[in-house]
Amino acid sequence: MKAGPILALVLLILVAGAAGYYFLYRFYDLQSTSNTTRPSTSCPPDQALINGACINNCTNGAANPPSCDSSVQCTDPDGINSHVYNPARLTLVKPCITASGIVDKVIQENDGDLHIRLKLDTAYTSLTNSANDQYQYGDLVVEIICVNPASQVDAQPSCQNYTNNIPIPQEAQHITVSGPYVLDTMHYNWAEIHPVYTLKIDTTTGTTVHITSETLNIVYPDGSTNGWLGPSPRSHVKYLTINGGEQFTDTLSLYSTSPNSERITSITTTTPGFSIISISPSTPISFAPGETLSITLTIQSPNSSYDGSIELRIVTA
């Protein structure tokens with residue numbers, strides 16, 4: 001046989017082989033043994049993957065990563081899980097975890113459960129996701145089930161033959177709570193501990209500041225109670241829970257109804273124990289006709305416990 005046909009045959013075999021390998025690689029996802037590998041979605045043996053982050057996986061019977069305190073156990077003491085209303089809506093991430101934080105809000109629900117928004121301590125902030133940020137003010141949802149009689153008819157059978165023995169916390173209290181870590185598929189897949197297996201109200205964690213509303217007292221030069229920034233005083237609901245002595249930010253969105261240029265000369269807080277550390281943009285703040293401005297305040301909270309409204313005094317020129 002001449003060299004030409006032999007060379008053509010060899011080339012044909014090489015091309016066919018390369019094409020076959022590509023087909024297997026592309027459609028059957030075969031991986032080569034080279035150094036090019038897919039990013040790993042697993043964690044080391046001593047860690048668990050929670051919301052995309054590797055968290056210490058307790059091996060000592062505890063369930064409060066990352067500290068893994070062996071005194072904190074996580075079990076269902078009274079068969080509570082069997083009384084969850086519509087459990088199919090909850091996607092189980094971990095059978096049981098323990099977390100701690102400050103109670104931001106307590107809400108009674110129609111199914112008889114108590115919906116608690118928990119501002120997590122720093123060690124547990126990886127437990128929340130973007131849905132918690134968007135719909136739950138960044139808090140972890142904690143559900144104590146069957147606290148009150150359900151007004152929702154289809155939820156009533158779930159609590160038969162069960163009486164809640166979990167203590168009920170108040171807003172601004174620091175608690176440690178355990179239970180299944182789940183995603184609520186009926187509510188944007190936000191993260192929850194649901195149901196609560198155990199709850200401890202901590203009394204030795206220091207002071208907390210719990211703000212429930214904000215009042216704007218706008219001072220106009222002519223002493224009127226309604227001017228280019230709207231009526232004064234006026235209040236709106238604002239929930240914030242922090243440790244005493246911490247700083248926090250507060251962003252005001254203010255709209256000028258004036259056809260002229262206007263000015264804010266000062267912003268202060270008149271609530272005892274609070275002080276404004278910085279204002280951005282700094283005063284004096286000028287408004288063009290019909291302009292809306294966002295003003296960010298950095299506020300120092302008191303070292304003592306506080307539960308109530310905060311008042312801001314805005315002086316205009």
# chains A, B, ... in the order shown; residues from 1 in each chain; ligands from 1
>>> residues_around(residues="range 129-135 of chain A", least_positions_apart="6", cutoff="9 Å", atoms="only C-alpha atoms", output="JSON list (two decimals) with C-alpha atoms, in the first residue's frame")
[["chain", "number", "residue", "atom", "x", "y", "z"],
["A", 51, "ASN", "CA", -25.84, 27.90, 53.40],
["A", 141, "VAL", "CA", -36.96, 32.62, 62.17],
["A", 187, "HIS", "CA", -41.99, 31.55, 52.44],
["A", 188, "TYR", "CA", -39.16, 32.17, 49.97],
["A", 189, "ASN", "CA", -36.97, 29.39, 51.48],
["A", 190, "TRP", "CA", -35.95, 31.52, 54.42],
["A", 191, "ALA", "CA", -34.08, 29.66, 57.17]]
>>> closest_residue(among="A:Gln108, A:Leu90, A:Ser282, A:Thr257", to="Glu192 in chain A", atoms="only C-alpha atoms")
A:Leu90
>>> residues_around(residues="Val147 in chain A", least_positions_apart="6", cutoff="6 Å", atoms="only C-alpha atoms", output="list in words")
Gly112, Asp113 and Asn164 of chain A
>>> residues_around(residues="range 75-88 of chain A", least_positions_apart="6", cutoff="8 Å", atoms="only C-alpha atoms", output="compact mmCIF listing (two decimals) with C-alpha atoms, in the first residue's frame")
# COMPACT_ATOMS: atom_id res chain seq x y z
CA CYS A 96 -30.94 19.60 65.04
CA ASP A 111 -51.79 28.16 63.18
CA ILE A 145 -45.39 25.41 67.94
CA ALA A 155 -53.90 23.51 61.59
CA SER A 158 -51.66 19.10 64.54
CA CYS A 159 -51.69 20.23 68.17
CA GLN A 160 -54.08 17.60 69.52
CA TYR A 162 -49.80 18.16 72.86
CA GLY A 179 -34.32 22.43 66.99
CA PRO A 195 -39.96 23.46 65.77
CA TYR A 197 -37.00 21.64 71.01
>>> closest_residue(among="A:Glu291, A:Glu214, A:Asp121, A:Asp139", to="Ser100 in chain A", atoms="only C-alpha atoms")
A:Asp121
>>> atom_distance(atom1="CA of Tyr181 in chain A", atom2="CA of Ser151 in chain A")
26.1 Å
>>> residues_around(residues="Gly308 in chain A", least_positions_apart="5", cutoff="7 Å", atoms="only C-alpha atoms", output="list in words")
His210, Ile211, Thr212 and Ser213 of chain A
>>> closest_residue(among="A:Ile218, A:Ile299, A:Val177, A:Leu229", to="Ser266 in chain A", atoms="only C-alpha atoms")
A:Ile218
>>> select_by_dssp(residues="range 212-261 of chain A", states="strand (DSSP E)", output="count of residues only")
31
>>> residues_around(residues="Ser258 in chain A", least_positions_apart="3", cutoff="9 Å", atoms="only C-alpha atoms", output="number ranges by chain")
A: 227-229, 261-262, 288-291
